[in-house]
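Reproduced below: run13.txt, with compact mmCIF, C-alpha atoms.
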# COMPACT_ATOMS: atom_id res chain seq x y z
CA MET W 8 16.07 178.99 142.38
CA GLU W 9 18.44 176.08 142.95
CA PRO W 10 17.97 173.46 140.24
CA LEU W 11 16.59 170.09 141.20
CA LEU W 12 18.86 168.55 138.64
CA SER W 13 21.54 169.81 136.32
CA LEU W 14 23.80 168.40 133.65
CA ASP W 15 26.96 170.11 132.45
CA HIS W 16 28.34 168.96 129.09
CA VAL W 17 27.48 165.32 129.74
CA ALA W 18 28.45 162.73 127.15
CA VAL W 19 27.54 159.04 127.06
CA ALA W 20 28.75 156.27 124.77
CA TYR W 21 27.75 152.62 124.44
CA GLY W 22 31.10 150.99 123.71
CA GLN W 23 32.59 152.96 120.83
CA THR W 24 29.25 154.43 119.80
CA PRO W 25 28.57 157.94 121.11
CA VAL W 26 24.92 158.30 122.07
CA LEU W 27 24.83 161.57 123.92
CA GLY W 28 27.28 164.20 122.75
CA ASP W 29 27.07 167.31 124.84
CA ALA W 30 24.05 167.55 127.11
CA THR W 31 23.64 170.60 129.30
CA LEU W 32 20.33 170.91 131.10
CA SER W 33 18.90 172.38 134.24
CA VAL W 34 15.48 171.64 135.74
CA VAL W 35 14.04 173.49 138.73
CA ARG W 36 11.26 172.51 141.11
CA GLY W 37 7.79 172.83 139.67
CA GLU W 38 9.06 172.58 136.12
CA VAL W 39 8.09 170.18 133.34
CA VAL W 40 10.54 169.65 130.51
CA ALA W 41 9.24 168.07 127.33
CA LEU W 42 12.09 166.29 125.61
CA ARG W 43 11.66 165.87 121.88
CA GLY W 44 13.78 164.43 119.14
CA PRO W 45 13.92 161.81 116.41
CA ASN W 46 14.35 158.09 117.07
CA GLY W 47 17.83 157.20 118.24
CA SER W 48 18.71 160.76 119.22
CA GLY W 49 19.52 159.79 122.80
CA LYS W 50 16.31 160.71 124.65
CA SER W 51 16.01 157.44 126.56
CA THR W 52 19.72 157.48 127.36
CA LEU W 53 19.39 160.98 128.76
CA LEU W 54 16.54 159.84 131.01
CA ARG W 55 18.67 156.98 132.32
CA VAL W 56 21.50 159.40 133.07
CA LEU W 57 19.07 161.65 134.96
CA ALA W 58 17.79 158.59 136.81
CA THR W 59 21.41 157.99 137.99
CA LEU W 60 21.34 154.56 136.35
CA LEU W 61 23.89 155.39 133.68
CA ARG W 62 27.24 156.96 134.48
CA PRO W 63 28.34 159.76 132.12
CA ALA W 64 31.53 159.15 130.16
CA SER W 65 32.43 162.82 130.56
CA GLY W 66 30.91 165.98 131.95
CA SER W 67 29.22 166.29 135.30
CA GLY W 68 25.76 166.39 136.76
CA VAL W 69 23.89 166.87 140.02
CA VAL W 70 20.56 165.31 141.03
CA PHE W 71 18.95 166.34 144.34
CA GLY W 72 22.28 167.85 145.36
CA GLU W 73 24.30 164.70 144.75
CA ARG W 74 26.87 164.34 141.99
CA LEU W 75 26.26 161.74 139.30
CA GLY W 76 28.65 158.82 139.31
CA THR W 77 29.25 158.94 143.07
CA ARG W 78 28.10 156.48 145.71
CA GLU W 79 26.15 159.27 147.41
CA VAL W 80 23.81 159.72 144.47
CA GLU W 81 22.34 156.28 145.20
CA SER W 82 20.79 157.71 148.34
CA VAL W 83 18.43 159.89 146.27
CA ARG W 84 17.28 157.17 143.89
CA HIS W 85 14.11 156.47 145.83
CA ARG W 86 13.03 160.04 144.99
CA ILE W 87 13.18 159.29 141.26
CA GLY W 88 10.45 157.55 139.27
CA LEU W 89 11.23 156.22 135.82
CA ILE W 90 8.80 154.90 133.25
CA ALA W 91 10.81 153.24 130.51
CA HIS W 92 9.78 151.85 127.15
CA GLN W 93 9.31 148.36 128.56
CA PRO W 94 6.94 148.02 131.54
CA ALA W 95 8.82 146.89 134.63
CA LEU W 96 6.30 144.18 135.50
CA TYR W 97 6.75 140.44 136.00
CA ALA W 98 4.60 138.54 133.52
CA GLU W 99 3.79 135.65 135.89
CA LEU W 100 2.63 137.91 138.72
CA THR W 101 -0.75 139.58 138.83
CA LEU W 102 -0.95 143.34 138.52
CA GLU W 103 -1.68 143.61 142.24
CA GLU W 104 1.21 141.29 143.15
CA ASN W 105 3.54 143.38 141.01
CA LEU W 106 2.55 146.52 142.85
CA ALA W 107 2.65 144.77 146.22
CA LEU W 108 6.24 143.84 145.48
CA VAL W 109 7.04 147.49 144.82
CA ALA W 110 5.28 148.52 148.03
CA ASP W 111 7.17 145.90 150.04
CA LEU W 112 10.56 146.88 148.67
CA ALA W 113 10.13 150.66 148.57
CA ALA W 114 11.59 152.76 151.34
CA VAL W 115 8.45 154.91 151.55
CA VAL W 116 4.90 153.95 150.54
CA HIS W 117 2.27 156.63 150.01
CA THR W 118 -0.56 154.65 148.46
CA SER W 119 -1.60 151.02 148.81
CA PRO W 120 -1.40 148.81 145.71
CA ALA W 121 -5.18 148.38 145.66
CA ALA W 122 -5.78 152.14 145.83
CA ALA W 123 -3.17 152.78 143.16
CA LEU W 124 -4.79 150.24 140.84
CA GLU W 125 -8.16 151.83 141.43
CA ALA W 126 -6.74 155.27 140.65
CA VAL W 127 -5.61 154.12 137.22
CA GLY W 128 -8.83 152.26 136.49
CA LEU W 129 -7.49 148.74 136.99
CA ALA W 130 -9.33 147.73 140.15
CA GLY W 131 -11.26 145.10 138.21
CA ALA W 132 -8.08 143.62 136.74
CA ALA W 133 -6.06 143.43 139.95
CA HIS W 134 -5.85 139.63 139.82
CA ARG W 135 -4.99 139.41 136.16
CA ARG W 136 -1.45 138.31 135.35
CA ALA W 137 0.72 140.97 133.76
CA GLY W 138 1.51 138.51 130.98
CA ASP W 139 -2.19 138.30 130.15
CA SER W 140 -2.70 142.07 130.15
CA SER W 141 -2.76 144.45 127.21
CA GLN W 142 -0.05 147.04 126.57
CA GLY W 143 -2.38 149.77 127.76
CA MET W 144 -3.08 147.94 131.01
CA LEU W 145 0.63 147.41 131.60
CA ARG W 146 1.24 151.10 131.03
CA ARG W 147 -1.51 151.99 133.51
CA ALA W 148 -0.01 149.59 136.05
CA ASP W 149 3.39 151.19 135.54
CA LEU W 150 1.81 154.57 136.27
CA ALA W 151 0.19 153.07 139.38
CA ARG W 152 3.68 152.07 140.55
CA LEU W 153 4.60 155.75 140.67
CA LEU W 154 1.48 156.52 142.68
CA ILE W 155 2.73 154.14 145.35
CA THR W 156 6.19 155.65 145.67
CA GLU W 157 5.30 159.26 144.78
CA PRO W 158 8.75 160.30 143.55
CA ASP W 159 9.84 163.93 143.46
CA LEU W 160 11.35 163.59 140.01
CA LEU W 161 9.38 161.94 137.23
CA LEU W 162 11.24 160.67 134.19
CA LEU W 163 8.68 159.45 131.69
CA ASP W 164 9.62 157.86 128.38
CA GLU W 165 6.65 157.94 126.05
CA PRO W 166 4.19 157.54 128.93
CA HIS W 167 1.16 157.93 126.66
CA SER W 168 2.20 154.97 124.52
CA GLY W 169 -0.49 152.29 124.48
CA LEU W 170 -2.97 154.32 126.52
CA ASP W 171 -6.49 154.84 125.22
CA VAL W 172 -7.95 158.34 124.99
CA ASP W 173 -9.70 158.05 128.34
CA ALA W 174 -6.43 157.19 130.07
CA LEU W 175 -4.29 159.95 128.60
CA GLY W 176 -5.29 162.19 131.50
CA LEU W 177 -3.64 159.79 133.96
CA VAL W 178 -0.21 161.01 132.90
CA ASP W 179 -1.24 164.64 133.31
CA ALA W 180 -2.66 163.89 136.75
CA LEU W 181 0.52 162.12 137.80
CA VAL W 182 2.67 165.02 136.65
CA ARG W 183 0.43 167.62 138.32
CA ARG W 184 0.50 165.67 141.57
CA CYS W 185 4.30 165.62 141.45
CA LEU W 186 4.46 169.36 140.76
CA GLU W 187 2.14 170.07 143.69
CA ARG W 188 4.63 168.30 145.95
CA GLY W 189 7.39 170.58 144.65
CA GLY W 190 8.81 168.04 142.25
CA ALA W 191 9.64 168.20 138.57
CA ALA W 192 9.24 166.06 135.48
CA VAL W 193 11.11 165.32 132.28
CA VAL W 194 8.83 163.77 129.71
CA VAL W 195 9.75 162.24 126.37
CA SER W 196 6.66 162.38 124.21
CA HIS W 197 5.63 162.76 120.63
CA LEU W 198 2.45 164.53 121.73
CA THR W 199 2.62 168.22 120.84
CA ASP W 200 0.76 169.26 123.99
CA LEU W 201 1.34 167.49 127.30
CA GLY W 202 -1.54 169.28 128.96
CA VAL W 203 0.74 171.13 131.35
CA ASP W 204 2.83 174.28 131.04
CA GLU W 205 6.01 172.67 129.78
CA ARG W 206 9.38 173.87 128.52
CA THR W 207 10.39 172.13 125.34
CA VAL W 208 13.95 170.96 124.80
CA SER W 209 14.96 169.26 121.58
CA ILE W 210 17.66 166.68 121.28
CA VAL W 211 19.35 166.42 117.92
CA GLY W 212 22.35 164.22 117.25
CA GLY W 213 22.92 163.77 120.96
CA LYS W 214 22.95 167.51 121.69
CA LEU W 215 20.31 169.48 123.55
CA VAL W 216 18.78 172.55 121.96
CA ALA W 217 16.50 174.76 124.06
CA MET V 7 16.73 142.89 159.55
CA ARG V 8 15.75 144.89 156.50
CA PHE V 9 18.43 142.99 154.57
CA TRP V 10 16.83 139.60 155.27
CA ARG V 11 13.30 140.91 154.75
CA THR V 12 14.31 142.16 151.32
CA ALA V 13 16.17 138.95 150.49
CA LEU V 14 13.18 136.81 151.47
CA ARG V 15 10.81 139.05 149.52
CA ILE V 16 12.96 138.62 146.41
CA ALA V 17 13.09 134.86 147.00
CA MET V 18 9.30 134.72 147.43
CA ARG V 19 8.87 136.62 144.18
CA ASP V 20 11.07 134.22 142.26
CA LEU V 21 9.52 131.11 143.79
CA ARG V 22 6.04 132.37 142.95
CA ILE V 23 7.10 133.03 139.37
CA GLU V 24 8.66 129.56 139.10
CA GLY V 25 5.64 127.98 140.76
CA ARG V 26 3.38 129.42 138.07
CA SER V 27 5.59 128.98 135.04
CA GLY V 28 7.49 125.84 136.02
CA GLU V 29 9.90 127.05 133.43
CA VAL V 30 13.09 126.13 135.20
CA LEU V 31 12.38 122.81 136.87
CA LEU V 32 9.96 121.38 134.33
CA THR V 33 12.53 121.94 131.60
CA THR V 34 15.62 120.88 133.47
CA ILE V 35 14.53 117.84 135.46
CA PRO V 36 13.54 115.75 132.40
CA PHE V 37 16.86 116.55 130.70
CA GLY V 38 18.79 115.69 133.87
CA LEU V 39 16.96 112.37 134.11
CA ALA V 40 17.59 111.69 130.43
CA ALA V 41 21.32 112.32 130.91
CA LEU V 42 21.45 109.94 133.89
CA PHE V 43 19.59 107.31 131.87
CA LEU V 44 21.80 107.60 128.78
CA ILE V 45 25.21 107.52 130.46
CA PRO V 46 25.06 103.81 131.51
CA LEU V 47 24.14 102.91 127.92
CA ALA V 48 27.46 104.37 126.78
CA LEU V 49 29.42 102.24 129.28
CA PRO V 50 30.38 98.56 129.13
CA LEU V 51 27.79 96.27 130.73
CA ASP V 52 29.66 96.03 134.02
CA ARG V 53 27.55 96.50 137.14
CA GLN V 54 30.58 97.18 139.30
CA LEU V 55 31.84 99.89 136.95
CA ILE V 56 28.42 101.52 136.68
CA ALA V 57 28.04 101.47 140.45
CA THR V 58 31.49 103.04 140.81
CA VAL V 59 30.83 105.93 138.40
CA GLY V 60 27.29 106.49 139.72
CA PRO V 61 28.06 109.16 142.33
CA GLY V 62 30.35 110.98 139.88
CA MET V 63 27.65 111.02 137.23
CA PHE V 64 25.15 112.30 139.76
CA TRP V 65 27.40 115.21 140.67
CA ILE V 66 28.33 116.04 137.07
CA VAL V 67 24.69 116.08 135.99
CA THR V 68 23.78 118.06 139.10
CA LEU V 69 26.51 120.61 138.43
CA LEU V 70 25.86 121.06 134.71
CA PHE V 71 22.08 121.02 134.75
CA GLY V 72 22.02 122.73 138.14
CA MET V 73 23.98 125.57 136.64
CA PHE V 74 21.35 125.80 133.95
CA VAL V 75 18.70 126.01 136.68
CA THR V 76 20.59 128.87 138.28
CA PHE V 77 21.18 130.73 135.01
CA ARG V 78 17.53 130.57 134.05
CA GLN V 79 16.40 131.45 137.53
CA SER V 80 18.76 134.39 137.86
CA ALA V 81 17.74 135.75 134.49
CA VAL V 82 14.07 136.27 135.36
CA GLU V 83 14.62 140.01 135.72
CA SER V 84 14.53 142.20 132.63
CA PRO V 85 16.73 145.33 132.46
CA ALA V 86 13.66 147.49 133.18
CA GLN V 87 12.85 145.43 136.27
CA ARG V 88 16.44 145.60 137.50
CA GLU V 89 16.44 149.36 137.06
CA THR V 90 13.19 149.66 138.96
CA LEU V 91 14.69 147.73 141.87
CA ARG V 92 17.72 150.02 141.83
CA LEU V 93 15.49 153.08 141.94
CA LEU V 94 13.53 151.58 144.83
CA GLY V 95 16.80 151.46 146.73
CA VAL V 96 16.89 147.66 147.01
CA ASP V 97 20.19 146.55 148.54
CA PRO V 98 22.08 144.65 145.78
CA ALA V 99 23.50 142.24 148.34
CA ALA V 100 20.01 141.43 149.61
CA ARG V 101 18.83 140.95 146.05
CA PHE V 102 21.75 138.63 145.38
CA THR V 103 20.99 136.67 148.54
CA GLY V 104 17.33 136.33 147.62
CA ARG V 105 18.16 134.97 144.19
CA VAL V 106 20.66 132.51 145.69
CA ILE V 107 18.03 131.29 148.17
CA THR V 108 15.59 130.60 145.33
CA SER V 109 18.16 128.86 143.17
CA ALA V 110 19.37 126.74 146.10
CA LEU V 111 15.81 125.64 146.91
CA LEU V 112 15.14 124.74 143.28
CA LEU V 113 18.39 122.80 143.16
CA VAL V 114 17.42 120.84 146.24
CA VAL V 115 14.22 119.82 144.44
CA PHE V 116 16.31 118.96 141.38
CA GLU V 117 18.66 116.80 143.47
CA ALA V 118 15.76 115.18 145.31
CA VAL V 119 14.42 113.89 141.98
CA LEU V 120 17.81 112.90 140.58
CA ALA V 121 19.11 111.06 143.65
CA PRO V 122 16.53 108.23 143.62
CA ALA V 123 16.94 107.93 139.86
CA THR V 124 20.69 107.53 140.35
CA VAL V 125 20.12 104.77 142.92
CA VAL V 126 17.77 102.93 140.55
CA LEU V 127 19.94 103.28 137.45
CA TYR V 128 23.42 102.85 138.93
CA ALA V 129 22.92 101.09 142.27
CA PRO V 130 25.88 103.15 143.49
CA GLU V 131 27.72 103.19 146.71
CA PRO V 132 25.87 105.59 149.01
CA ILE V 133 25.80 109.16 147.74
CA ASP V 134 26.98 110.30 151.10
CA GLY V 135 27.45 113.83 149.93
CA TRP V 136 26.10 117.11 151.02
CA PRO V 137 23.27 117.87 148.61
CA LEU V 138 22.25 120.96 150.54
CA LEU V 139 25.78 122.34 150.65
CA ALA V 140 26.34 121.55 146.99
CA ALA V 141 23.03 123.15 146.02
CA LEU V 142 24.03 126.30 147.85
CA GLY V 143 27.46 126.29 146.22
CA ILE V 144 26.06 125.83 142.73
CA ALA V 145 23.44 128.52 143.35
CA LEU V 146 26.15 130.94 144.46
CA ILE V 147 28.39 130.21 141.48
CA GLY V 148 25.58 130.46 138.94
CA THR V 149 24.17 133.68 140.38
CA MET V 150 27.61 135.27 140.51
CA ALA V 151 28.35 134.21 136.93
CA VAL V 152 25.09 135.81 135.78
CA ASP V 153 25.88 139.03 137.67
CA VAL V 154 29.46 139.24 136.42
CA THR V 155 28.34 138.91 132.81
CA ALA V 156 25.17 141.03 133.07
CA GLY V 157 25.16 143.81 130.51
CA LEU V 158 27.84 142.16 128.36
CA ARG V 159 27.07 141.23 124.79
CA GLY V 160 28.41 137.70 125.03
CA ARG V 161 26.91 136.96 128.43
CA THR V 162 25.18 133.74 127.40
CA SER V 163 28.54 132.27 126.37
CA LEU V 164 30.64 133.95 129.04
CA ALA V 165 28.56 132.85 132.02
CA PRO V 166 29.11 129.11 131.46
CA LEU V 167 32.84 129.74 130.86
CA LEU V 168 33.08 131.50 134.20
CA VAL V 169 31.53 128.54 135.95
CA ALA V 170 34.53 126.26 135.34
CA PRO V 171 37.10 128.13 137.46
CA LEU V 172 34.51 129.04 140.09
CA SER V 173 33.46 125.39 140.43
CA VAL V 174 36.96 124.09 141.15
CA PRO V 175 36.91 124.79 144.91
CA LEU V 176 33.53 123.05 145.08
CA LEU V 177 34.32 120.02 142.93
CA MET V 178 37.72 119.15 144.38
CA PRO V 179 36.48 118.44 147.91
CA ALA V 180 33.44 116.68 146.44
CA ALA V 181 35.72 114.35 144.45
CA SER V 182 37.95 113.81 147.52
CA ALA V 183 34.91 112.94 149.58
CA ALA V 184 33.66 110.43 147.01
CA ALA V 185 37.06 108.73 147.05
CA ALA V 186 37.16 108.79 150.86
CA ILE V 187 33.76 107.14 151.05
CA ARG V 188 34.91 104.38 148.70
CA ARG V 189 37.96 103.77 150.89
CA GLY V 190 35.79 103.84 153.99
CA ASP V 191 37.60 106.89 155.32
CA GLY V 192 36.08 109.86 157.06
CA ILE V 193 34.89 112.87 155.09
CA VAL V 194 35.42 115.54 157.69
CA VAL V 195 38.26 117.26 155.84
CA PRO V 196 36.59 117.41 152.41
CA ALA V 197 33.33 118.48 154.06
CA LEU V 198 35.12 121.30 155.81
CA LEU V 199 36.83 122.33 152.58
CA MET V 200 33.51 122.35 150.78
CA GLY V 201 31.92 124.37 153.57
CA PHE V 202 34.78 126.82 153.41
CA ALA V 203 34.38 127.13 149.63
CA VAL V 204 30.65 127.84 149.99
CA LEU V 205 31.30 130.38 152.72
CA ALA V 206 33.97 132.11 150.64
CA LEU V 207 31.66 132.21 147.61
CA ALA V 208 28.85 133.65 149.73
CA ILE V 209 31.08 136.39 151.13
CA LEU V 210 32.46 137.15 147.68
CA GLY V 211 28.97 137.32 146.18
CA VAL V 212 27.59 139.63 148.85
CA MET V 213 30.67 141.86 148.87
CA THR V 214 30.71 142.32 145.09
CA ALA V 215 26.95 142.57 144.52
CA HIS V 216 26.85 146.35 144.64
CA SER V 217 29.81 146.88 142.31
CA LEU V 218 28.51 144.37 139.80
CA GLU V 219 25.05 145.89 139.79
CA GLU V 220 26.38 149.38 139.20
CA ALA V 221 28.80 148.16 136.54
CA SER V 222 26.02 146.40 134.64
CA GLY V 223 24.09 149.66 134.25
As structure tokens, what does this structure read like?
Amino acid sequence: MEPLLSLDHVAVAYGQTPVLGDATLSVVRGEVVALRGPNGSGKSTLLRVLATLLRPASGSGVVFGERLGTREVESVRHRIGLIAHQPALYAELTLEENLALVADLAAVVHTSPAAALEAVGLAGAAHRRAGDSSQGMLRRADLARLLITEPDLLLLDEPHSGLDVDALGLVDALVRRCLERGGAAVVVSHLTDLGVDERTVSIVGGKLVA
Amino acid sequence: MRFWRTALRIAMRDLRIEGRSGEVLLTTIPFGLAALFLIPLALPLDRQLIATVGPGMFWIVTLLFGMFVTFRQSAVESPAQRETLRLLGVDPAARFTGRVITSALLLVVFEAVLAPATVVLYAPEPIDGWPLLAALGIALIGTMAVDVTAGLRGRTSLAPLLVAPLSVPLLMPAASAAAAIRRGDGIVVPALLMGFAVLALAILGVMTAHSLEEASG
């Protein structure tokens, strides 16, 4: 099966500091990769490379058939959904306004902001400002953002962080929904069991170990 | 069409955020007024002199504090928010334009408060300038300076340093116009020069928006 994304000996450095040493990875459709490793091992950097947001210093990679570091790869970005450490919400806007902004700017919208908020259990907090919301609510709203755009590739960096026990299943549901559409997911998580049939890849000292 | 829809949506976002926080204008306007108030106290008690320097003081305060308005305004996006916009496929040029629109509108408000204060404090010769054009020019320069330095470690120091060379094509015709007004001459030539500078800055900003956004990643 043709991989949905692949990296071939990719290295990344921030200035003079090498962060990712030699990353080789391939992910096919319908697959979930659980990325594990100690703090500072380069997990978040790897996700940003896969999201096409960070250009590799060396090595090569392909995402949805487009080579990393080229202008063409920007055309597939709307198919990628990234949840980073920090929620991508504007503190002065309400949760619903934040999602409405995403819906207005996105190329394709699958779910309305109101429906997405309801799906993550935030219907009652739609008019609450993001700056007045708890970490768990912000995380739920970030997940709702991905329900609106329904990307084919999920890149989730500690998506369970801040979520209460009742909400942990939201991440599983999001991943399953993506897999049903023929997508794939790369998840950084300290949870030992993601609730899906995942392949674990460890990252140690900037290198990937299957 | 999509370009302008995106630009206006970005502008609406920023105006809504500023409307709720008041962070930019409510901080900057009082300092701008304080600067205008303090400058005459540092000059000899000469009404003619104060009236002569009035327009210059107005423009200097507008430029310096206006740049601060633009810096603060353009910095409302966190790295995570910028990355989300990139993944949504938002056109960097449209995003740049939207931010410039917001900054220019805020600067017009800033100027609208400062202009009457200048008249009261300095009783100057008419400030027959082009507040709208200047606001647009300052908004362009500030937004470009923020974009050029985005992702750099020393961006908070570098952005103001960049402003000086970028402001030259805006300030020179402004100064020429002020002198022309004093002499009673026409201001067509300086106005055209200023318009050309704003147009050139706008083209430069839109053309480089994509490269700067990708480079800041």
Output the contact residues of chain V with respect to chain W at a cut-off of 6 Å, based on only C-alpha atoms, as a PDB file with C-alpha atoms, in the frame of the given file.
ATOM      1  CA  ILE V  23       7.100 133.030 139.370  1.00  0.00           C
ATOM      2  CA  ALA V  86      13.660 147.490 133.180  1.00  0.00           C
ATOM      3  CA  GLN V  87      12.850 145.430 136.270  1.00  0.00           C
ATOM      4  CA  LEU V  93      15.490 153.080 141.940  1.00  0.00           C
ATOM      5  CA  LEU V  94      13.530 151.580 144.830  1.00  0.00           C
ATOM      6  CA  GLY V  95      16.800 151.460 146.730  1.00  0.00           C
ATOM      7  CA  GLY V 223      24.090 149.660 134.250  1.00  0.00           C
TER       8      GLY V 223
END
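Compared by their closest atoms to Val30 in chain V, and using only C-alpha atoms, the residues V:Pro98, V:Gly72, V:Gly211, V:Pro171 rank with V:Gly72 nearest.
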Among listed residues W:Gly176, W:Gly44, W:Arg136, W:Ile155, nearest Ala217 in chain W (using all atoms listed in the file): W:Gly44
Residue among V:Ala156, V:Leu55, V:Ala121, V:Leu164 lying closest to Thr68 in chain V, counting all atoms listed in the file: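 For Thr68 in chain V, the nearest of the candidates is V:Ala121.
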Cut-off 12 Å around (11.8, 164.6, 131.5) with all atoms listed in the file: residues as an NGL selection string: :W and (12 or 32-35 or 38-43 or 50-58 or 87-91 or 160-166 or 182 or 190-196 or 201 or 205-210)
Nearest to Pro158 in chain W, chosen from W:Gly138, W:Val172, W:Glu125, W:Thr118, with all atoms listed in the file counted in the distances: W:Thr118
